[in-house]
>>> print(open('upload.txt').read())   # compact mmCIF, C-alpha atoms
# COMPACT_ATOMS: atom_id res chain seq x y z
CA MET A 1083 0.00 0.00 0.00
CA ARG A 1084 1.61 3.15 -1.18
CA ARG A 1085 -0.31 5.47 1.11
CA ASN A 1086 1.15 3.85 4.21
CA ASP A 1087 4.67 4.21 2.90
CA ARG A 1088 4.71 7.96 3.37
CA VAL A 1089 7.87 9.20 5.00
CA THR A 1090 7.42 11.29 8.07
CA TYR A 1091 9.77 14.22 8.46
CA SER A 1092 11.28 15.48 11.64
CA ARG A 1093 10.78 19.13 12.50
CA ARG A 1094 14.40 19.87 11.63
CA GLY A 1095 14.04 18.22 8.21
CA LEU A 1096 10.93 20.26 7.51
CA LEU A 1097 12.72 23.46 8.44
CA ARG A 1098 15.56 22.57 6.14
CA ARG A 1099 13.21 21.90 3.25
CA LEU A 1100 11.45 25.17 3.93
CA ALA A 1101 14.78 27.01 3.90
CA VAL A 1102 15.68 25.46 0.54
CA LYS A 1103 12.31 26.52 -0.88
CA ILE A 1104 12.70 30.07 0.39
CA ALA A 1105 16.22 30.26 -1.04
CA THR A 1106 14.95 29.03 -4.46
CA ALA A 1107 12.14 31.57 -4.42
CA ILE A 1108 14.51 34.41 -3.56
CA THR A 1109 16.91 33.37 -6.34
CA LEU A 1110 14.09 33.25 -8.88
CA LEU A 1111 12.75 36.63 -7.79
CA VAL A 1112 16.20 38.21 -8.02
CA GLY A 1113 16.65 36.65 -11.48
CA ILE A 1114 13.34 37.99 -12.75
CA ALA A 1115 14.01 41.41 -11.24
CA THR A 1116 17.43 41.68 -12.91
CA ALA A 1117 15.95 40.52 -16.22
CA LEU A 1118 13.27 43.21 -15.97
CA VAL A 1119 15.83 45.87 -15.04
CA PHE A 1120 17.99 44.93 -18.03
CA GLN A 1121 14.98 45.03 -20.32
CA ALA A 1122 13.99 48.43 -18.97
CA GLN A 1123 17.51 49.75 -19.59
CA ASP A 1124 17.32 48.85 -23.26
CA GLY A 1125 16.08 52.25 -24.36
CA SER A 1126 15.50 52.61 -28.08
CA PRO A 1127 12.71 50.49 -29.60
CA ASP A 1128 13.79 47.84 -32.08
CA HIS A 1129 12.99 48.30 -35.73
CA ILE A 1130 11.23 45.10 -36.79
CA PRO A 1131 10.82 44.70 -40.57
CA SER A 1132 8.20 41.96 -40.36
CA TYR A 1133 6.68 39.79 -37.65
CA VAL A 1134 7.02 36.71 -39.86
CA ALA A 1135 9.75 34.21 -38.95
CA TRP A 1136 10.13 31.13 -41.15
CA THR A 1137 9.86 28.47 -38.47
CA PRO A 1138 8.70 25.02 -39.60
CA GLU A 1139 5.34 25.60 -37.87
CA THR A 1140 4.82 28.89 -39.73
CA ILE A 1141 5.61 27.25 -43.06
CA THR A 1142 3.24 24.36 -42.38
CA SER A 1143 0.35 26.54 -41.30
CA ALA A 1144 0.87 29.09 -44.08
CA SER A 1145 0.90 26.46 -46.81
CA SER A 1146 -2.04 24.37 -45.61
CA GLY A 1147 -4.87 26.54 -46.98
CA ASP A 1148 -8.17 25.49 -48.49
CA ALA A 1149 -8.00 26.61 -52.12
CA PHE A 1150 -11.77 26.25 -52.71
CA ARG A 1151 -12.65 28.54 -49.81
CA GLY A 1152 -9.92 30.82 -51.10
CA MET A 1153 -11.56 30.91 -54.52
CA LEU A 1154 -14.80 32.20 -52.96
CA LEU A 1155 -12.90 34.82 -50.97
CA ALA A 1156 -10.83 35.85 -53.99
CA LYS A 1157 -13.88 37.24 -55.81
CA ARG A 1158 -13.03 40.62 -54.34
CA CYS A 1159 -9.45 40.38 -55.61
CA ASN A 1160 -10.50 39.87 -59.24
CA HIS A 1161 -11.15 43.54 -59.96
CA CYS A 1162 -7.46 44.44 -59.64
CA HIS A 1163 -5.61 41.13 -59.85
CA GLY A 1164 -7.61 39.68 -62.75
CA GLU A 1165 -9.96 36.71 -63.14
CA GLU A 1166 -7.07 34.34 -63.81
CA GLY A 1167 -4.58 35.99 -61.48
CA PHE A 1168 -3.10 38.08 -64.31
CA SER A 1169 -3.63 41.70 -63.53
CA PRO A 1170 -5.08 44.06 -66.18
CA LYS A 1171 -3.07 46.97 -64.75
CA ALA A 1172 0.72 46.91 -65.03
CA SER A 1173 1.13 48.54 -61.63
CA THR A 1174 -0.68 45.67 -59.87
CA PRO A 1175 1.14 42.35 -59.41
CA ASN A 1176 0.19 39.13 -61.16
CA LEU A 1177 -0.64 36.49 -58.56
CA ALA A 1178 -1.21 33.38 -60.69
CA GLY A 1179 1.02 30.54 -59.61
CA MET A 1180 2.98 32.67 -57.20
CA ASN A 1181 4.71 31.00 -54.28
CA LYS A 1182 2.28 30.47 -51.36
CA LEU A 1183 4.70 31.58 -48.68
CA ALA A 1184 5.70 34.70 -50.60
CA MET A 1185 2.08 35.82 -50.96
CA TRP A 1186 1.26 34.85 -47.39
CA LYS A 1187 4.11 36.91 -45.97
CA GLN A 1188 3.09 40.00 -47.92
CA LEU A 1189 -0.55 39.70 -46.80
CA GLU A 1190 0.56 39.22 -43.19
CA ASP A 1191 2.77 42.30 -43.48
CA PHE A 1192 -0.13 44.30 -44.93
CA ARG A 1193 -2.22 43.06 -42.00
CA SER A 1194 0.36 44.10 -39.42
CA ARG A 1195 1.11 47.41 -41.28
CA LYS A 1196 4.71 46.41 -41.84
CA ARG A 1197 4.17 46.94 -45.55
CA LEU A 1198 2.09 49.99 -46.31
CA SER A 1199 -0.31 50.27 -49.22
CA LEU A 1200 -3.40 52.44 -49.57
CA ALA A 1201 -5.19 49.77 -51.57
CA MET A 1202 -4.02 46.54 -49.99
CA GLY A 1203 -3.80 47.71 -46.37
CA PRO A 1204 -7.55 47.91 -45.60
CA ILE A 1205 -8.31 44.82 -47.71
CA ALA A 1206 -5.74 42.68 -45.92
CA GLN A 1207 -6.82 43.97 -42.53
CA SER A 1208 -10.39 42.86 -43.29
CA LEU A 1209 -9.17 39.26 -43.76
CA SER A 1210 -8.71 36.84 -40.90
CA ALA A 1211 -5.56 34.74 -40.51
CA ARG A 1212 -7.38 31.76 -42.01
CA ASP A 1213 -8.72 33.83 -44.92
CA VAL A 1214 -5.16 34.81 -45.81
CA VAL A 1215 -3.99 31.20 -45.86
CA ASP A 1216 -6.94 30.14 -48.05
CA VAL A 1217 -6.69 33.01 -50.55
CA VAL A 1218 -2.99 32.30 -50.92
CA ALA A 1219 -3.69 28.62 -51.61
CA TYR A 1220 -6.13 29.60 -54.37
CA PHE A 1221 -3.80 31.99 -56.20
CA ALA A 1222 -0.90 29.56 -55.92
CA ALA A 1223 -3.03 26.91 -57.63
CA LEU A 1224 -3.82 29.09 -60.69
CA PRO A 1225 -1.95 27.95 -63.81
CA LEU A 1226 0.93 29.93 -65.28
CA PHE A 1227 0.93 28.26 -68.70
CA SER A 1228 -1.96 27.88 -71.10
CA ASP A 1229 -3.38 24.40 -71.49
CA PRO A 1230 -3.94 23.34 -75.14
CA GLN A 1231 -7.45 22.25 -74.19
CA ASP A 1232 -8.65 25.63 -73.02
CA ASP A 1233 -8.80 28.82 -75.05
CA ARG A 1234 -7.87 31.32 -72.38
CA VAL A 1235 -5.38 33.98 -73.41
CA PHE A 1236 -2.23 34.09 -71.32
CA PRO A 1237 0.26 36.96 -71.32
CA GLN A 1238 2.98 36.47 -73.89
CA SER A 1239 6.38 38.08 -74.09
CA ARG A 1240 5.89 41.57 -75.45
CA THR A 1241 9.37 42.73 -76.48
CA ALA A 1242 12.57 41.15 -77.64
CA ALA A 1243 14.35 42.03 -74.40
CA GLY A 1244 16.51 38.93 -74.69
CA GLN A 1245 19.26 41.12 -76.13
CA ASP A 1246 19.23 43.27 -73.00
CA THR A 1247 22.64 42.41 -71.63
CA VAL A 1248 22.50 44.69 -68.54
CA ALA A 1249 19.49 42.90 -67.11
CA SER A 1250 20.35 39.40 -68.22
CA ARG A 1251 23.87 39.68 -66.82
CA LEU A 1252 22.56 40.89 -63.47
CA ILE A 1253 20.03 38.07 -63.38
CA THR A 1254 22.50 35.31 -64.25
CA PHE A 1255 25.75 36.56 -62.70
CA GLY A 1256 24.97 39.53 -60.49
CA ASP A 1257 27.85 41.92 -60.01
CA GLY A 1258 30.66 40.59 -57.86
CA GLU A 1259 32.55 43.88 -57.86
CA ARG A 1260 29.70 45.70 -56.14
CA GLY A 1261 28.52 42.64 -54.20
CA ILE A 1262 25.20 42.24 -55.97
CA PRO A 1263 24.12 38.59 -55.98
CA PRO A 1264 22.43 37.24 -59.13
CA CYS A 1265 18.62 37.63 -59.03
CA GLN A 1266 18.09 34.04 -60.11
CA SER A 1267 19.88 32.64 -57.06
CA CYS A 1268 16.91 33.64 -54.88
CA HIS A 1269 14.04 34.44 -57.28
CA GLY A 1270 14.52 31.36 -59.45
CA PRO A 1271 14.75 29.44 -61.64
CA VAL A 1272 18.20 28.41 -60.29
CA ALA A 1273 17.31 28.51 -56.58
CA TYR A 1274 14.66 29.91 -54.27
CA ARG A 1275 14.86 31.10 -50.69
CA THR A 1276 11.91 30.65 -48.35
CA GLY A 1277 9.19 33.21 -48.95
CA VAL A 1278 10.78 34.65 -52.06
CA PRO A 1279 8.53 35.08 -55.12
CA SER A 1280 9.37 34.01 -58.64
CA LEU A 1281 9.54 37.10 -60.84
CA ALA A 1282 9.20 35.36 -64.18
CA THR A 1283 5.64 36.53 -64.93
CA GLN A 1284 5.55 39.73 -62.93
CA ASN A 1285 4.45 43.11 -64.27
CA ALA A 1286 7.17 45.58 -65.24
CA ASP A 1287 5.62 48.66 -63.62
CA TYR A 1288 4.97 46.82 -60.37
CA LEU A 1289 8.55 45.53 -60.22
CA LEU A 1290 10.00 48.95 -60.92
CA ASN A 1291 7.80 50.55 -58.23
CA GLN A 1292 8.89 47.97 -55.68
CA LEU A 1293 12.59 48.28 -56.53
CA GLU A 1294 12.32 52.07 -56.15
CA ALA A 1295 10.44 51.66 -52.87
CA PHE A 1296 13.10 49.30 -51.53
CA ALA A 1297 15.87 51.65 -52.65
CA ASN A 1298 14.43 54.73 -50.95
CA GLY A 1299 13.20 52.82 -47.91
CA THR A 1300 9.44 53.37 -48.30
CA ARG A 1301 9.06 49.60 -48.42
CA ALA A 1302 11.05 48.00 -45.58
CA ASN A 1303 9.49 44.63 -44.83
CA ASP A 1304 12.28 42.38 -46.12
CA ILE A 1305 13.72 40.25 -43.32
CA ASN A 1306 17.39 41.20 -42.65
CA GLU A 1307 17.14 43.88 -45.39
CA PRO A 1308 18.46 41.97 -48.46
CA MET A 1309 16.25 43.75 -51.01
CA ARG A 1310 16.77 47.21 -49.53
CA THR A 1311 20.52 46.61 -49.81
CA ILE A 1312 20.45 45.28 -53.36
CA ALA A 1313 17.96 47.83 -54.69
CA SER A 1314 20.04 50.71 -53.36
CA LEU A 1315 23.20 49.23 -54.91
CA LEU A 1316 21.57 49.09 -58.35
CA THR A 1317 21.56 52.19 -60.53
CA GLU A 1318 18.30 53.64 -61.79
CA GLU A 1319 18.88 52.32 -65.33
CA GLU A 1320 19.61 48.84 -63.99
CA ARG A 1321 16.41 48.81 -61.97
CA ARG A 1322 14.45 49.82 -65.05
CA ALA A 1323 16.20 47.24 -67.23
CA LEU A 1324 15.52 44.45 -64.71
CA ALA A 1325 11.86 45.39 -64.36
CA GLU A 1326 11.43 45.43 -68.14
CA TYR A 1327 13.25 42.14 -68.58
CA TYR A 1328 11.12 40.30 -66.03
CA GLY A 1329 8.00 42.17 -67.13
CA SER A 1330 8.35 41.03 -70.70
CA GLY A 1331 7.85 37.42 -69.62
CA LEU A 1332 11.23 36.29 -70.84
CA GLY A 1333 12.28 35.09 -67.43
CA LEU A 1334 9.68 32.38 -67.67
CA GLN A 1335 10.79 31.28 -71.12
CA SER A 1336 14.36 30.89 -69.96
CA ALA A 1337 13.04 28.96 -66.97
CA SER A 1338 11.18 26.49 -69.18
CA SER A 1339 14.00 26.14 -71.70
CA LYS A 1340 16.68 25.44 -69.07
CA MET B 748 48.60 26.70 4.74
CA ASN B 749 48.24 23.01 4.24
CA TRP B 750 48.87 21.24 0.96
CA ARG B 751 45.22 20.43 0.21
CA LYS B 752 44.08 24.00 0.50
CA LEU B 753 46.92 25.16 -1.71
CA ARG B 754 46.07 22.52 -4.29
CA THR B 755 42.40 23.53 -4.36
CA PHE B 756 43.34 27.16 -4.69
CA LEU B 757 45.74 26.50 -7.57
CA LEU B 758 43.29 24.32 -9.45
CA THR B 759 40.50 26.88 -9.08
CA ALA B 760 42.82 29.63 -10.30
CA LEU B 761 43.82 27.48 -13.29
CA VAL B 762 40.20 26.82 -14.27
CA LEU B 763 39.30 30.48 -13.92
CA CYS B 764 42.24 31.45 -16.12
CA LEU B 765 41.20 28.92 -18.75
CA ILE B 766 37.69 30.38 -19.18
CA PRO B 767 38.80 33.45 -21.17
CA ALA B 768 41.12 31.19 -23.20
CA THR B 769 38.17 29.02 -24.26
CA ARG B 770 36.40 32.11 -25.44
CA TYR B 771 39.35 32.94 -27.68
CA TYR B 772 39.75 29.44 -29.10
CA GLN B 773 35.97 28.87 -29.51
CA ILE B 774 35.94 25.70 -27.41
CA ASP B 775 32.35 24.70 -26.73
CA LEU B 776 31.51 22.66 -23.62
CA PRO B 777 28.16 22.85 -21.82
CA LEU B 778 29.70 23.87 -18.49
CA LEU B 779 31.87 26.53 -20.09
CA ARG B 780 28.91 27.81 -22.06
CA PHE B 781 27.08 28.19 -18.77
CA LEU B 782 30.00 30.01 -17.18
CA ARG B 783 30.70 32.49 -19.97
CA GLY B 784 27.10 32.99 -21.10
CA SER B 785 25.41 31.49 -24.11
CA ASN B 786 26.39 32.65 -27.58
CA HIS B 787 23.47 30.91 -29.23
CA VAL B 788 20.77 32.71 -31.21
CA ASP B 789 17.77 31.56 -33.20
CA PRO B 790 18.74 32.12 -36.86
CA LEU B 791 15.09 32.32 -37.96
CA SER B 792 14.09 35.18 -35.67
CA LEU B 793 17.15 37.43 -35.71
CA HIS B 794 14.99 40.31 -36.96
CA LEU B 795 12.38 40.04 -34.20
CA ALA B 796 14.36 40.61 -31.02
CA GLY B 797 17.81 40.42 -29.50
CA GLU B 798 21.22 41.59 -30.53
CA PHE B 799 20.84 41.36 -34.31
CA VAL B 800 17.73 43.48 -34.88
CA GLU B 801 18.04 45.92 -37.76
CA ASN B 802 18.81 49.07 -35.81
CA ASN B 803 21.57 47.33 -33.82
CA LEU B 804 23.61 46.25 -36.86
CA GLY B 805 26.69 48.22 -37.75
CA THR B 806 29.43 49.88 -35.73
CA GLU B 807 28.91 50.65 -32.06
CA GLN B 808 31.29 52.93 -30.24
CA ARG B 809 32.43 51.78 -26.82
CA ALA B 810 33.42 53.92 -23.87
CA ASP B 811 37.08 52.78 -24.06
CA GLY B 812 37.44 53.92 -27.67
CA SER B 813 37.20 50.49 -29.26
CA VAL B 814 34.25 49.57 -31.48
CA THR B 815 31.88 46.62 -31.75
CA VAL B 816 30.67 45.62 -35.21
CA ARG B 817 27.54 43.48 -35.50
CA MET B 818 26.77 41.81 -38.82
CA ILE B 819 24.48 39.19 -40.31
CA ALA B 820 25.60 36.89 -43.12
CA GLN B 821 22.73 35.70 -45.23
CA GLN B 822 22.53 34.11 -48.65
CA TYR B 823 24.13 36.07 -50.46
CA LEU B 824 24.88 39.26 -48.61
CA PHE B 825 26.71 40.59 -45.59
CA ILE B 826 24.48 43.00 -43.75
CA PRO B 827 25.24 45.87 -43.36
CA HIS B 828 26.75 45.87 -46.83
CA CYS B 829 29.44 48.44 -46.02
CA ILE B 830 30.84 48.83 -42.52
CA LEU B 831 32.74 51.84 -41.25
CA VAL B 832 35.52 51.46 -38.66
CA PRO B 833 38.23 53.78 -37.36
CA ALA B 834 41.85 52.84 -38.13
CA GLY B 835 44.16 51.41 -35.46
CA VAL B 836 41.39 50.74 -32.97
CA PRO B 837 40.41 47.27 -31.65
CA VAL B 838 37.32 46.03 -33.51
CA HIS B 839 35.17 43.43 -31.76
CA LEU B 840 33.30 41.64 -34.53
CA ARG B 841 30.11 39.78 -33.70
CA ILE B 842 28.52 38.02 -36.64
CA THR B 843 25.90 35.32 -37.10
CA SER B 844 24.27 33.62 -40.05
CA ALA B 845 20.58 33.56 -40.89
CA ASP B 846 20.75 30.45 -43.07
CA ALA B 847 23.85 28.61 -44.32
CA VAL B 848 27.49 28.41 -43.25
CA HIS B 849 29.51 31.37 -44.51
CA ALA B 850 33.10 32.47 -44.02
CA LEU B 851 33.90 36.15 -43.77
CA THR B 852 37.37 37.05 -44.99
CA PHE B 853 38.98 40.44 -45.48
CA ASN B 854 41.12 40.90 -48.58
CA GLY B 855 44.59 42.19 -47.74
CA THR B 856 44.47 40.86 -44.19
CA GLU B 857 44.74 37.42 -42.61
CA TYR B 858 41.42 37.59 -40.83
CA ALA B 859 38.89 34.84 -41.52
CA VAL B 860 35.74 34.26 -39.49
CA LYS B 861 33.59 31.19 -39.89
CA VAL B 862 29.92 32.11 -39.61
CA LEU B 863 27.50 29.43 -38.45
CA PRO B 864 23.72 29.66 -38.20
CA GLY B 865 22.60 29.61 -34.58
CA THR B 866 25.92 30.76 -33.15
CA ILE B 867 27.49 34.16 -32.71
CA SER B 868 31.04 34.10 -34.07
CA GLU B 869 33.34 36.57 -32.40
CA ALA B 870 36.67 37.95 -33.54
CA GLN B 871 39.09 40.65 -32.49
CA LEU B 872 40.29 42.62 -35.49
CA GLN B 873 42.37 45.71 -36.06
CA PHE B 874 42.84 47.65 -39.27
CA PRO B 875 46.05 49.68 -39.04
CA ARG B 876 45.83 51.24 -42.52
CA VAL B 877 43.18 53.61 -43.84
CA GLY B 878 41.39 52.42 -46.95
CA GLU B 879 38.77 50.07 -48.27
CA TYR B 880 38.94 46.33 -47.69
CA LYS B 881 36.80 43.99 -49.73
CA THR B 882 35.17 41.25 -47.67
CA VAL B 883 34.55 37.97 -49.44
CA CYS B 884 32.63 34.84 -48.49
CA ARG B 885 35.02 31.90 -48.72
CA GLU B 886 32.68 29.08 -47.80
CA PHE B 887 30.41 27.83 -50.59
CA CYS B 888 26.96 28.88 -49.44
CA GLY B 889 24.73 28.43 -52.50
CA ALA B 890 23.98 29.60 -56.02
CA GLY B 891 24.91 33.23 -55.47
CA HIS B 892 28.04 32.53 -53.42
CA TYR B 893 30.45 33.97 -56.01
CA ALA B 894 28.89 37.42 -55.75
CA MET B 895 28.73 37.47 -51.95
CA ARG B 896 31.01 40.38 -51.24
CA SER B 897 30.89 43.60 -49.30
CA GLU B 898 33.38 46.09 -47.99
CA VAL B 899 34.93 47.63 -44.89
CA LYS B 900 35.76 51.30 -44.99
CA VAL B 901 38.58 52.21 -42.63
CA VAL B 902 38.78 55.91 -41.88
CA PRO B 903 41.18 57.91 -39.66
CA PRO B 904 39.86 57.96 -36.07
CA GLU B 905 39.25 61.72 -36.20
CA GLN B 906 36.98 61.27 -39.25
CA PHE B 907 34.90 58.62 -37.53
CA PRO B 908 31.63 60.24 -36.42
CA ALA B 909 30.93 60.50 -32.69
CA LEU B 910 28.09 58.06 -32.10
CA HIS B 911 25.37 58.16 -29.50
CA PRO B 912 25.22 54.84 -27.52
CA ASP B 913 21.97 53.98 -29.34
CA GLU B 914 23.39 54.96 -32.72
CA ARG B 915 25.13 52.60 -35.15
CA GLY B 916 27.65 53.78 -37.69
CA ASN B 917 27.72 52.78 -41.35
CA CYS B 918 29.11 54.11 -44.61
CA GLU B 919 26.04 56.22 -45.34
CA ALA B 920 26.43 58.16 -42.09
CA GLN B 921 29.96 59.14 -43.02
>>> encode(input="upload.txt", output="structure tokens")
Amino acid sequence: MRRNDRVTYSRRGLLRRLAVKIATAITLLVGIATALVFQAQDGSPDHIPSYVAWTPETITSASSGDAFRGMLLAKRCNHCHGEEGFSPKASTPNLAGMNKLAMWKQLEDFRSRKRLSLAMGPIAQSLSARDVVDVVAYFAALPLFSDPQDDRVFPQSRTAAGQDTVASRLITFGDGERGIPPCQSCHGPVAYRTGVPSLATQNADYLLNQLEAFANGTRANDINEPMRTIASLLTEEERRALAEYYGSGLGLQSASSK
Amino acid sequence: MNWRKLRTFLLTALVLCLIPATRYYQIDLPLLRFLRGSNHVDPLSLHLAGEFVENNLGTEQRADGSVTVRMIAQQYLFIPHCILVPAGVPVHLRITSADAVHALTFNGTEYAVKVLPGTISEAQLQFPRVGEYKTVCREFCGAGHYAMRSEVKVVPPEQFPALHPDERGNCEAQ
């Protein structure tokens, strides 16, 4: 019988145990107090670019959306982002087939006002966390290429920008002298980092606006400031050339031919 | 004084002297980590809190005249991209990685710092000559590794701006 096995303590033993408990409590209290004091001393507030951190849990929850529910929610996106995820306005991004995590992060940043936009701010703030995950799943599922069996018109390359050596060199090789990494090492098709969008079918005007915003700091939601650094290292002509190159849809062709 | 007491005293003194040495040689043992304080960080949430938040990166001026430089290495950039340090002054470098293993080297010097995700790498540097040093990543870290370069601008101490304790220096401020 376990209940009868209870050890009885002498008064001295009890006192000793009590003393140990009191000592532990005092140590803990002193520890907490010092931690609070040190926190209070840290004066200036931290500048946080985005509340998103790419932990495995974040990635799982952000990429487990319900695309059908997202389709119903995305009715209100169609006016600007297009029925098929290809935007009719060049200043609005195409969302068809875009990386889920990339879209999710931007919507979360719009929601937490870490990325500011007059149009997208109120819209994103009206969505719940689950809405964001579902909408993202829908747009990620939209096709990028036309299927021979349907007769929908997909954007085609508009100019012969393949001769544009400034942009194509920056995309393939970057510029080692200035420390500019090649675009394709993060934005594809060579390699992708977590939460980085493919630029192959993006709109030229939108890309140029974002590069300018990164360069002058009006958009500052990139984690550890990679895009702010790169955009400010690029010259104005280079930014324009890159936006036109990606905007002409040639990035996608090179992706499919490689 | 009896022999036992002397022996205990000497051994304690030896252990205490070895603690700073382990810091220099980057020896990592759980007990030592406890004694000298953890140098571990979460590479995924560097930007949210702690030592490597955005406004804490760059050059910090210390009361004794030396400077502390905090950097992040990330595929395929060193952030901040250009760091500003005064010449002939001890530079305490604290750098961590947000993703892969990188190695920060300074052209024209013998300094090389291995940068591991999850750990703060520390180094004591000194740049005696004024000028610009290119920093290069010498550990293959991915597709853009060959363009992973930045620079250190070494200026005469009198040209280095006087920084507020909350302020961090960089090339733009100069």
>>> interface_residues(input="upload.txt", of="chain B", to="chain A", cutoff="12 Å", atoms="only C-alpha atoms", output="ChimeraX atom specification")
/B:789-804,818-829,843-847,881-884,888-898,911-915,919
>>> residues_around(input="upload.txt", residues="A:Ser1280", least_positions_apart="2", cutoff="7 Å", atoms="all atoms listed in the file", output="list in words")
Met1180, His1269, Gly1270, Val1278 and Ala1282 of chain A
>>> atom_distance(input="upload.txt", atom1="atom CA of B:Pro904", atom2="atom CA of B:Gly835")
7.9 Å
>>> atom_distance(input="upload.txt", atom1="atom CA of A:Ile1104", atom2="atom CA of A:Ser1092")
18.5 Å
>>> closest_residue(input="upload.txt", among="A:Ala1302, A:Ala1201, A:Leu1226, A:Cys1159", to="A:Asn1181", atoms="all atoms listed in the file")
A:Leu1226
>>> atom_distance(input="upload.txt", atom1="atom CA of A:Ser1194", atom2="atom CA of A:Val1214")
12.6 Å
>>> residues_around(input="upload.txt", residues="B:Thr806", least_positions_apart="6", cutoff="8 Å", atoms="all atoms listed in the file", output="PDB file with C-alpha atoms, in the coordinates of the input")
ATOM      1  CA  VAL B 814      34.250  49.570 -31.480  1.00  0.00           C
ATOM      2  CA  THR B 815      31.880  46.620 -31.750  1.00  0.00           C
ATOM      3  CA  VAL B 816      30.670  45.620 -35.210  1.00  0.00           C
ATOM      4  CA  ARG B 817      27.540  43.480 -35.500  1.00  0.00           C
ATOM      5  CA  ILE B 830      30.840  48.830 -42.520  1.00  0.00           C
ATOM      6  CA  LEU B 831      32.740  51.840 -41.250  1.00  0.00           C
ATOM      7  CA  VAL B 832      35.520  51.460 -38.660  1.00  0.00           C
ATOM      8  CA  ARG B 915      25.130  52.600 -35.150  1.00  0.00           C
ATOM      9  CA  GLY B 916      27.650  53.780 -37.690  1.00  0.00           C
ATOM     10  CA  ASN B 917      27.720  52.780 -41.350  1.00  0.00           C
TER      11      ASN B 917
END
>>> axis_aligned_box(input="upload.txt", around="stretch 1286-1297 of chain A", padding_each_side="3 Å", output="JSON")
{"center_x": 10.4, "center_y": 48.8, "center_z": -58.4, "size_x": 16.9, "size_y": 12.5, "size_z": 19.7}
>>> closest_residue(input="upload.txt", among="B:Gln808, B:Cys764, B:Thr759, B:Val862", to="B:Pro908", atoms="all atoms listed in the file")
B:Gln808
>>> closest_residue(input="upload.txt", among="A:Tyr1288, A:Tyr1327, A:Phe1296, A:Tyr1220", to="A:Ala1156", atoms="only C-alpha atoms")
A:Tyr1220
>>> residues_around(input="upload.txt", residues="A:Asp1213", least_positions_apart="3", cutoff="9 Å", atoms="all atoms listed in the file", output="NGL selection string")
:A and (1147 or 1151-1152 or 1155 or 1209-1210 or 1216-1218)
>>> write_last_selection(input="upload.txt", atoms="C-alpha atoms", output="mmCIF file, keeping the file's coordinate frame")
data_model
loop_
_atom_site.group_PDB
_atom_site.id
_atom_site.type_symbol
_atom_site.label_atom_id
_atom_site.label_comp_id
_atom_site.auth_asym_id
_atom_site.auth_seq_id
_atom_site.Cartn_x
_atom_site.Cartn_y
_atom_site.Cartn_z
ATOM 1 C CA GLY A 1147 -4.870 26.540 -46.980
ATOM 2 C CA ARG A 1151 -12.650 28.540 -49.810
ATOM 3 C CA GLY A 1152 -9.920 30.820 -51.100
ATOM 4 C CA LEU A 1155 -12.900 34.820 -50.970
ATOM 5 C CA LEU A 1209 -9.170 39.260 -43.760
ATOM 6 C CA SER A 1210 -8.710 36.840 -40.900
ATOM 7 C CA ASP A 1216 -6.940 30.140 -48.050
ATOM 8 C CA VAL A 1217 -6.690 33.010 -50.550
ATOM 9 C CA VAL A 1218 -2.990 32.300 -50.920
#
>>> residues_around(input="upload.txt", residues="A:Leu1189", least_positions_apart="3", cutoff="8 Å", atoms="only C-alpha atoms", output="list in words")
Met1185, Trp1186, Phe1192, Arg1193, Ala1206 and Val1214 of chain A
>>> residues_around(input="upload.txt", residues="A:Val1248", least_positions_apart="4", cutoff="8 Å", atoms="all atoms listed in the file", output="list of chain:residue names")
A:Leu1252, A:Glu1320, A:Ala1323, A:Leu1324
>>> build_atoms(input="upload.txt", residues="stretch 882-890 of chain B", atoms="N, CA and C atoms", output="compact mmCIF listing (two decimals), in the coordinates of the input")
# COMPACT_ATOMS: atom_id res chain seq x y z
N THR B 882 35.42 42.48 -48.44
CA THR B 882 35.17 41.25 -47.67
C THR B 882 34.52 40.24 -48.60
N VAL B 883 34.97 39.01 -48.51
CA VAL B 883 34.55 37.97 -49.44
C VAL B 883 34.09 36.77 -48.63
N CYS B 884 33.05 36.09 -49.12
CA CYS B 884 32.63 34.84 -48.49
C CYS B 884 33.46 33.71 -49.09
N ARG B 885 34.16 32.97 -48.22
CA ARG B 885 35.02 31.90 -48.72
C ARG B 885 34.54 30.51 -48.31
N GLU B 886 33.25 30.39 -48.09
CA GLU B 886 32.68 29.08 -47.80
C GLU B 886 31.49 28.94 -48.74
N PHE B 887 31.49 27.93 -49.60
CA PHE B 887 30.41 27.83 -50.59
C PHE B 887 29.07 27.80 -49.87
N CYS B 888 28.20 28.75 -50.20
CA CYS B 888 26.96 28.88 -49.44
C CYS B 888 25.73 28.78 -50.34
N GLY B 889 25.90 28.57 -51.64
CA GLY B 889 24.73 28.43 -52.50
C GLY B 889 24.96 29.06 -53.85
N ALA B 890 23.87 29.19 -54.63
CA ALA B 890 23.98 29.60 -56.02
C ALA B 890 24.62 30.97 -56.21
